[in-house]
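Student: For reference, the structure I am asking about is given below.
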Amino acid sequence: MEVKRKLSEFLKRETVLTVAILLAIVSAVMIPPDREYAGYIDFRTLSILFCLMTVMAGLQKLGVFRNIAKTLLRHTQNTIQLAEVLVFLCFIFSMIITNDVSLITFVPFTFIVLRLTGEEAVKKLAVPVIVLQTIAANLGSMLTPIGNPQNLYLYGKIQMSPIAFIKLMLPYSAVSLLFLLICTAVAAKHSGIAVRDVAGALQAEDAGQETAGWRRYLPVFYLTLFLLCLLTVAHMIPYPVTLGIVVLGVGILDRTTIGKVDYSLLLTFVGFFIFIGNIGRMPAFCSFLQKIIEGREVVTAVAASQVISNVPAALLLSGFTENVKALIVGTNLGGLGTLIASMASLISYKQVASQIPGEKKRYFGWFTVANVGFLLPLLFINGLL
């Protein structure tokens, strides 16, 4: 019974990974493993993703992002400004530290801030603010090649400069930011909450928590590694060099961080790589999928994301179309919609279920309405562009 319970928990926790492994196994039955399998795996994407996740885990553990948030909160004068800062943090930081890390960092921080403001703030503001933070993280991350896993993967498949990538997604990000600021202001205004000295309370809470000795230089170390990752994404440094430096450096100076990497995401990529590679060797099936997707990449990516989430959608559809730019747009917009459209959204939901379990249904309702409310205008803009 214990084994069955653990297996059930694993399947619930790692549903996408399980699907990826099953698809890889089924496809391997049809196309038995051979030498060509090695060519399926995009080692560059996996290496850069591992390096970025390691660096972000290290910076998060050191509280770098939380300290930046505290600095910004010192300048808040009212509830609208407080809510705007909390949502804005997710939008901006997701471009650099990925949507997952952004939500892992700032959603728990939001509960701390709101509780310092008062339980009434948690009751009235937590659900709308965290819904908007989740949308902000998913929409902010679409602007850069390193904002989320599917961007990193799709960016690596085409000859495109980082600036060209940003230009591609800029109209959607600009409109998204405007909508977010308006929605956040409206939600905060209608809460009727008065802000207390949140920044002062946080400062008192963290008093005496200073890093001693040589570990005080770890933020500089991780920021240096992050710069190496950016240069690698820009094809200025070979990925094996960066991978070696990250593994060796972190392994020596802060080895516990290696264990905080999301290895299930890396294995999910491997599973889908194998599946896509094998499907690509079945001409009839490959031709059938190409006909379905051709000319409808954005809509297909959005629809597929609602069911299997946008990272697997990017991996699957990329094997059957040459229009990678449309897939970039489609999988990014596809992160809006259902709770599983972007797996990062589940991070927020789990925090809500843990911190305020009585608000789960309310959160789900807010989440669904808000996501559809953002998705439809962005699809309309795509049609115009």
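The way I read the labels, and the way they are meant: chains A, B, ... in the order of the structure tokens, residue 1 as the first residue of every chain, and ligand 1 as the first ligand shown, with later ones counted on from there.
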Fewer than 2 positions away in the same chain doesn't count, so skip those; otherwise give me all residues within 6 Å of Ser141 (chain A), counting only C-alpha atoms, as a tab-separated table (two decimals) with N, CA and C atoms, in the first residue's frame.

Tutor:
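Saved as part22.tsv:
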chain	number	residue	atom	x	y	z
A	94	SER	N	10.73	37.56	-14.31
A	94	SER	CA	10.53	36.34	-15.10
A	94	SER	C	11.30	36.39	-16.42
A	95	MET	N	11.59	37.59	-16.91
A	95	MET	CA	12.37	37.72	-18.14
A	95	MET	C	13.80	37.22	-17.96
A	99	ASN	N	9.92	32.11	-15.45
A	99	ASN	CA	8.61	32.25	-14.80
A	99	ASN	C	8.48	31.37	-13.56
A	137	ALA	N	4.08	36.58	-14.56
A	137	ALA	CA	5.27	35.73	-14.74
A	137	ALA	C	5.23	35.03	-16.09
A	138	ASN	N	4.06	34.53	-16.48
A	138	ASN	CA	3.95	33.83	-17.76
A	138	ASN	C	4.08	34.78	-18.95
A	139	LEU	N	3.58	36.01	-18.81
A	139	LEU	CA	3.64	36.96	-19.92
A	139	LEU	C	4.97	37.72	-19.95
A	143	LEU	N	9.19	37.50	-23.22
A	143	LEU	CA	9.94	38.53	-23.94
A	143	LEU	C	11.38	38.13	-24.27
A	147	GLY	N	13.54	33.41	-20.75
A	147	GLY	CA	12.43	33.62	-19.84
A	147	GLY	C	11.72	32.36	-19.42
A	148	ASN	N	11.68	31.36	-20.29
A	148	ASN	CA	11.05	30.09	-19.95
A	148	ASN	C	11.67	28.97	-20.79

Student: Residues of region 52-78 of chain A within 9 Å of region 104-112 of chain A: nearest atom pair and distance (Å, one decimal) for each, counting only C-alpha atoms, sorted by chain and number, as a tab-separated table?

Tutor:
residue	atom	partner	partner_atom	distance
A:Gln60	CA	A:Thr105	CA	7.0
A:Gly63	CA	A:Thr105	CA	8.9
A:Phe65	CA	A:Thr105	CA	7.4
A:Arg66	CA	A:Thr105	CA	7.3
A:Ala69	CA	A:Phe106	CA	8.5

Student: Per DSSP on the backbone, what are the alpha helix (DSSP H) residues of region 111-254 of chain A, as number ranges by chain?

Tutor: A: 111-117, 119-140, 149-157, 162-189, 198-205, 218-233, 239-253

Student: List the spatial neighbours of Gln290 (chain A) as a VMD selection string - criterion: any atom at most 12 Å away, only C-alpha atoms, same-chain residues fewer than 6 positions off excluded.

Tutor: chain A and resid 279 to 280 283 to 284 296 to 297 300 316 to 323

Student: Just write the chosen residues, N, CA, C and O atoms, as a PDB file, in the first residue's frame.

Tutor:
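The new file selection_27.pdb reads:
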ATOM      1  N   ILE A 279       9.107   9.779 -34.007  1.00  0.00           N
ATOM      2  CA  ILE A 279       7.966  10.129 -34.865  1.00  0.00           C
ATOM      3  C   ILE A 279       8.454  10.699 -36.194  1.00  0.00           C
ATOM      4  O   ILE A 279       7.868  10.454 -37.256  1.00  0.00           O
ATOM      5  N   GLY A 280       9.544  11.457 -36.135  1.00  0.00           N
ATOM      6  CA  GLY A 280      10.115  12.041 -37.347  1.00  0.00           C
ATOM      7  C   GLY A 280      10.621  10.998 -38.330  1.00  0.00           C
ATOM      8  O   GLY A 280      10.840  11.300 -39.514  1.00  0.00           O
ATOM      9  N   PRO A 283       7.430   8.504 -41.828  1.00  0.00           N
ATOM     10  CA  PRO A 283       7.031   9.474 -42.861  1.00  0.00           C
ATOM     11  C   PRO A 283       5.535   9.747 -42.940  1.00  0.00           C
ATOM     12  O   PRO A 283       5.112  10.905 -43.038  1.00  0.00           O
ATOM     13  N   ALA A 284       4.715   8.715 -42.873  1.00  0.00           N
ATOM     14  CA  ALA A 284       3.273   8.905 -43.027  1.00  0.00           C
ATOM     15  C   ALA A 284       2.705   9.736 -41.879  1.00  0.00           C
ATOM     16  O   ALA A 284       1.940  10.684 -42.092  1.00  0.00           O
ATOM     17  N   ARG A 296      -1.298  27.038 -39.302  1.00  0.00           N
ATOM     18  CA  ARG A 296      -2.110  27.230 -38.087  1.00  0.00           C
ATOM     19  C   ARG A 296      -1.260  27.021 -36.832  1.00  0.00           C
ATOM     20  O   ARG A 296      -1.748  26.543 -35.818  1.00  0.00           O
ATOM     21  N   GLU A 297       0.015  27.412 -36.931  1.00  0.00           N
ATOM     22  CA  GLU A 297       0.947  27.133 -35.829  1.00  0.00           C
ATOM     23  C   GLU A 297       0.534  27.795 -34.514  1.00  0.00           C
ATOM     24  O   GLU A 297       0.597  27.174 -33.448  1.00  0.00           O
ATOM     25  N   THR A 300      -2.750  26.230 -33.117  1.00  0.00           N
ATOM     26  CA  THR A 300      -2.467  24.855 -32.705  1.00  0.00           C
ATOM     27  C   THR A 300      -1.648  24.826 -31.418  1.00  0.00           C
ATOM     28  O   THR A 300      -1.919  24.027 -30.514  1.00  0.00           O
ATOM     29  N   LEU A 316       6.823  19.119 -28.944  1.00  0.00           N
ATOM     30  CA  LEU A 316       6.119  18.243 -29.885  1.00  0.00           C
ATOM     31  C   LEU A 316       5.929  18.898 -31.250  1.00  0.00           C
ATOM     32  O   LEU A 316       6.257  18.316 -32.281  1.00  0.00           O
ATOM     33  N   LEU A 317       5.403  20.116 -31.261  1.00  0.00           N
ATOM     34  CA  LEU A 317       5.057  20.762 -32.534  1.00  0.00           C
ATOM     35  C   LEU A 317       6.279  21.186 -33.332  1.00  0.00           C
ATOM     36  O   LEU A 317       6.208  21.289 -34.558  1.00  0.00           O
ATOM     37  N   SER A 318       7.388  21.422 -32.655  1.00  0.00           N
ATOM     38  CA  SER A 318       8.592  21.891 -33.364  1.00  0.00           C
ATOM     39  C   SER A 318       9.125  20.865 -34.349  1.00  0.00           C
ATOM     40  O   SER A 318       9.861  21.226 -35.274  1.00  0.00           O
ATOM     41  N   GLY A 319       8.753  19.619 -34.156  1.00  0.00           N
ATOM     42  CA  GLY A 319       9.229  18.586 -35.073  1.00  0.00           C
ATOM     43  C   GLY A 319       8.441  18.506 -36.365  1.00  0.00           C
ATOM     44  O   GLY A 319       8.819  17.759 -37.271  1.00  0.00           O
ATOM     45  N   PHE A 320       7.360  19.300 -36.486  1.00  0.00           N
ATOM     46  CA  PHE A 320       6.474  19.151 -37.633  1.00  0.00           C
ATOM     47  C   PHE A 320       6.175  20.458 -38.360  1.00  0.00           C
ATOM     48  O   PHE A 320       5.243  20.530 -39.159  1.00  0.00           O
ATOM     49  N   THR A 321       6.953  21.495 -38.067  1.00  0.00           N
ATOM     50  CA  THR A 321       6.780  22.757 -38.794  1.00  0.00           C
ATOM     51  C   THR A 321       8.101  23.504 -38.838  1.00  0.00           C
ATOM     52  O   THR A 321       8.921  23.388 -37.926  1.00  0.00           O
ATOM     53  N   GLU A 322       8.285  24.269 -39.891  1.00  0.00           N
ATOM     54  CA  GLU A 322       9.479  25.096 -40.020  1.00  0.00           C
ATOM     55  C   GLU A 322       9.233  26.513 -39.507  1.00  0.00           C
ATOM     56  O   GLU A 322      10.161  27.300 -39.354  1.00  0.00           O
ATOM     57  N   ASN A 323       7.977  26.834 -39.235  1.00  0.00           N
ATOM     58  CA  ASN A 323       7.633  28.182 -38.791  1.00  0.00           C
ATOM     59  C   ASN A 323       7.815  28.293 -37.272  1.00  0.00           C
ATOM     60  O   ASN A 323       6.839  28.354 -36.506  1.00  0.00           O
TER      61      ASN A 323
END

Student: May I have the residues within 8 Å of region 352-365 of chain A as a list in words, using only C-alpha atoms and disregarding those fewer than 6 positions away in the same chain?

Tutor: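 Contacts, with the query itself left out: Phe111, Val127, Pro128 and Val131 of chain A.
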
Student: Go ahead and save the picked residues with C-alpha atoms, as a PDB file, in the first residue's frame.

Tutor:
ATOM      1  CA  PHE A 111       1.902  36.096   1.615  1.00  0.00           C
ATOM      2  CA  VAL A 127      -6.282  35.836  -4.545  1.00  0.00           C
ATOM      3  CA  PRO A 128      -6.412  38.676  -7.132  1.00  0.00           C
ATOM      4  CA  VAL A 131      -3.584  35.462  -9.984  1.00  0.00           C
TER       5      VAL A 131
END

Student: May I ask which of the residues A:Gly39, A:Pro162, A:Gly249, A:Pro171 is the closest one to His235 (chain A), counting only C-alpha atoms?

Tutor: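 That would be A:Pro162, the residue with the smallest distance to His235 (chain A).
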
Student: If we count only C-alpha atoms, what is near Thr256 (chain A) at a cut-off of 12 Å, once residues fewer than 2 positions away on the same chain are taken out, given as a short mmCIF file (atom, residue, chain, number, x, y, z; two decimals) with all heavy atoms, in the first residue's frame?

Tutor:
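As a result, part.cif now contains:
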data_model
loop_
_atom_site.label_atom_id
_atom_site.label_comp_id
_atom_site.auth_asym_id
_atom_site.auth_seq_id
_atom_site.Cartn_x
_atom_site.Cartn_y
_atom_site.Cartn_z
N THR A 54 20.54 26.10 -12.08
CA THR A 54 21.50 26.04 -10.97
C THR A 54 21.81 27.43 -10.45
O THR A 54 21.81 27.68 -9.23
CB THR A 54 22.80 25.36 -11.42
OG1 THR A 54 22.51 24.04 -11.92
CG2 THR A 54 23.79 25.25 -10.27
N ALA A 57 18.76 28.88 -8.65
CA ALA A 57 18.56 28.23 -7.35
C ALA A 57 19.52 28.81 -6.32
O ALA A 57 19.15 29.03 -5.16
CB ALA A 57 18.76 26.72 -7.49
N GLY A 58 20.76 29.06 -6.75
CA GLY A 58 21.75 29.64 -5.85
C GLY A 58 21.38 31.06 -5.42
O GLY A 58 21.44 31.40 -4.23
N LYS A 61 18.36 31.01 -3.07
CA LYS A 61 18.72 30.55 -1.73
C LYS A 61 19.41 31.64 -0.92
O LYS A 61 19.25 31.74 0.30
CB LYS A 61 19.64 29.33 -1.85
CG LYS A 61 19.96 28.66 -0.51
CD LYS A 61 20.75 27.39 -0.70
CE LYS A 61 22.16 27.68 -1.15
NZ LYS A 61 23.01 26.47 -1.16
N VAL A 247 29.25 23.45 -13.13
CA VAL A 247 29.29 22.21 -12.32
C VAL A 247 30.47 22.22 -11.36
O VAL A 247 30.32 21.92 -10.16
CB VAL A 247 29.35 20.98 -13.24
CG1 VAL A 247 29.61 19.71 -12.42
CG2 VAL A 247 28.06 20.84 -14.03
N VAL A 250 30.08 25.49 -8.72
CA VAL A 250 29.02 25.30 -7.72
C VAL A 250 29.29 24.05 -6.89
O VAL A 250 29.03 24.03 -5.68
CB VAL A 250 27.65 25.21 -8.41
CG1 VAL A 250 26.54 24.94 -7.38
CG2 VAL A 250 27.35 26.49 -9.17
N GLY A 251 29.84 23.02 -7.52
CA GLY A 251 30.16 21.79 -6.79
C GLY A 251 31.17 22.03 -5.68
O GLY A 251 31.11 21.39 -4.62
N ILE A 252 32.09 22.96 -5.90
CA ILE A 252 33.11 23.24 -4.89
C ILE A 252 32.61 24.25 -3.84
O ILE A 252 32.79 24.04 -2.63
CB ILE A 252 34.39 23.78 -5.57
CG1 ILE A 252 35.03 22.69 -6.42
CG2 ILE A 252 35.39 24.28 -4.51
CD1 ILE A 252 36.21 23.18 -7.25
N LEU A 253 31.98 25.32 -4.29
CA LEU A 253 31.63 26.43 -3.40
C LEU A 253 30.26 26.31 -2.74
O LEU A 253 30.06 26.83 -1.64
CB LEU A 253 31.71 27.76 -4.17
CG LEU A 253 33.08 28.13 -4.74
CD1 LEU A 253 32.98 29.43 -5.53
CD2 LEU A 253 34.10 28.27 -3.62
N ASP A 254 29.30 25.64 -3.40
CA ASP A 254 27.93 25.63 -2.86
C ASP A 254 27.20 24.39 -3.37
O ASP A 254 26.15 24.49 -4.00
CB ASP A 254 27.20 26.91 -3.31
CG ASP A 254 25.95 27.18 -2.51
OD1 ASP A 254 25.83 26.68 -1.39
OD2 ASP A 254 25.08 27.90 -3.03
N ILE A 258 23.21 22.19 -6.23
CA ILE A 258 23.07 21.25 -7.34
C ILE A 258 21.82 20.39 -7.15
O ILE A 258 21.13 20.03 -8.11
CB ILE A 258 24.31 20.34 -7.45
CG1 ILE A 258 25.56 21.18 -7.75
CG2 ILE A 258 24.13 19.28 -8.52
CD1 ILE A 258 25.60 21.76 -9.13
N GLY A 259 21.51 20.06 -5.90
CA GLY A 259 20.35 19.22 -5.61
C GLY A 259 19.02 19.93 -5.77
O GLY A 259 17.96 19.29 -5.75
N LYS A 260 19.03 21.25 -5.90
CA LYS A 260 17.80 22.02 -6.01
C LYS A 260 17.35 22.23 -7.45
O LYS A 260 16.32 22.86 -7.71
CB LYS A 260 17.97 23.39 -5.32
CG LYS A 260 18.23 23.28 -3.81
CD LYS A 260 18.32 24.64 -3.17
CE LYS A 260 18.59 24.52 -1.68
NZ LYS A 260 17.47 23.87 -0.96
N VAL A 261 18.12 21.71 -8.39
CA VAL A 261 17.77 21.83 -9.81
C VAL A 261 16.55 20.96 -10.12
O VAL A 261 16.39 19.86 -9.57
CB VAL A 261 18.97 21.42 -10.70
CG1 VAL A 261 18.57 21.35 -12.16
CG2 VAL A 261 20.11 22.40 -10.51
#

Student: Applying 7 Å and only C-alpha atoms, which residues near region 51-53 of chain A remain after dropping the ones on its own chain fewer than 6 positions away? List them as a tab-separated table (two decimals) with all heavy atoms, in the first residue's frame.

Tutor:
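Heads up, here's the output in result39.tsv:
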chain	number	residue	atom	x	y	z
A	226	PHE	N	25.83	33.68	-14.21
A	226	PHE	CA	24.67	34.08	-15.00
A	226	PHE	C	25.11	34.81	-16.27
A	226	PHE	O	24.55	34.58	-17.35
A	226	PHE	CB	23.75	34.97	-14.17
A	226	PHE	CG	22.54	35.45	-14.92
A	226	PHE	CD1	21.62	34.54	-15.43
A	226	PHE	CD2	22.31	36.80	-15.11
A	226	PHE	CE1	20.49	34.98	-16.13
A	226	PHE	CE2	21.19	37.25	-15.81
A	226	PHE	CZ	20.29	36.34	-16.31
A	229	CYS	N	26.15	32.32	-18.73
A	229	CYS	CA	24.99	31.68	-19.34
A	229	CYS	C	24.42	32.55	-20.47
A	229	CYS	O	24.07	32.04	-21.54
A	229	CYS	CB	23.91	31.43	-18.29
A	229	CYS	SG	24.33	30.16	-17.08
A	243	LEU	N	29.00	24.81	-19.01
A	243	LEU	CA	28.53	23.68	-18.20
A	243	LEU	C	29.63	23.21	-17.24
A	243	LEU	O	29.36	22.99	-16.05
A	243	LEU	CB	28.10	22.53	-19.11
A	243	LEU	CG	27.63	21.25	-18.41
A	243	LEU	CD1	26.39	21.52	-17.58
A	243	LEU	CD2	27.36	20.15	-19.45
A	246	VAL	N	30.14	25.84	-14.41
A	246	VAL	CA	29.03	25.85	-13.45
A	246	VAL	C	29.10	24.62	-12.53
A	246	VAL	O	29.00	24.74	-11.30
A	246	VAL	CB	27.68	25.90	-14.18
A	246	VAL	CG1	26.52	25.64	-13.21
A	246	VAL	CG2	27.49	27.25	-14.85
A	261	VAL	N	18.12	21.71	-8.39
A	261	VAL	CA	17.77	21.83	-9.81
A	261	VAL	C	16.55	20.96	-10.12
A	261	VAL	O	16.39	19.86	-9.57
A	261	VAL	CB	18.97	21.42	-10.70
A	261	VAL	CG1	18.57	21.35	-12.16
A	261	VAL	CG2	20.11	22.40	-10.51

Student: Using Å and a single decimal, report how far CA of Pro238 (chain A) sits from CA of Leu265 (chain A).

Tutor: 22.5 Å

Student: Between CA of Gly271 (chain A) and CA of Ala234 (chain A), what is the distance in Å, rounded to a tenth?

Tutor: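 Atom-to-atom, CA of Gly271 (chain A) to CA of Ala234 (chain A), that is 26.0 Å.
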
Student: Separation of CA of Cys90 (chain A) and CA of Ile130 (chain A), in Å?

Tutor: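 Here the two named atoms are 9.9 Å from each other.
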
Student: In terms of the shortest atom-to-atom distance over only C-alpha atoms, which of A:Met142, A:Asp262, A:Arg255, A:Ile182 is closest to Ile92 (chain A)?

Tutor: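 The answer is A:Met142, which sits nearest to Ile92 (chain A).
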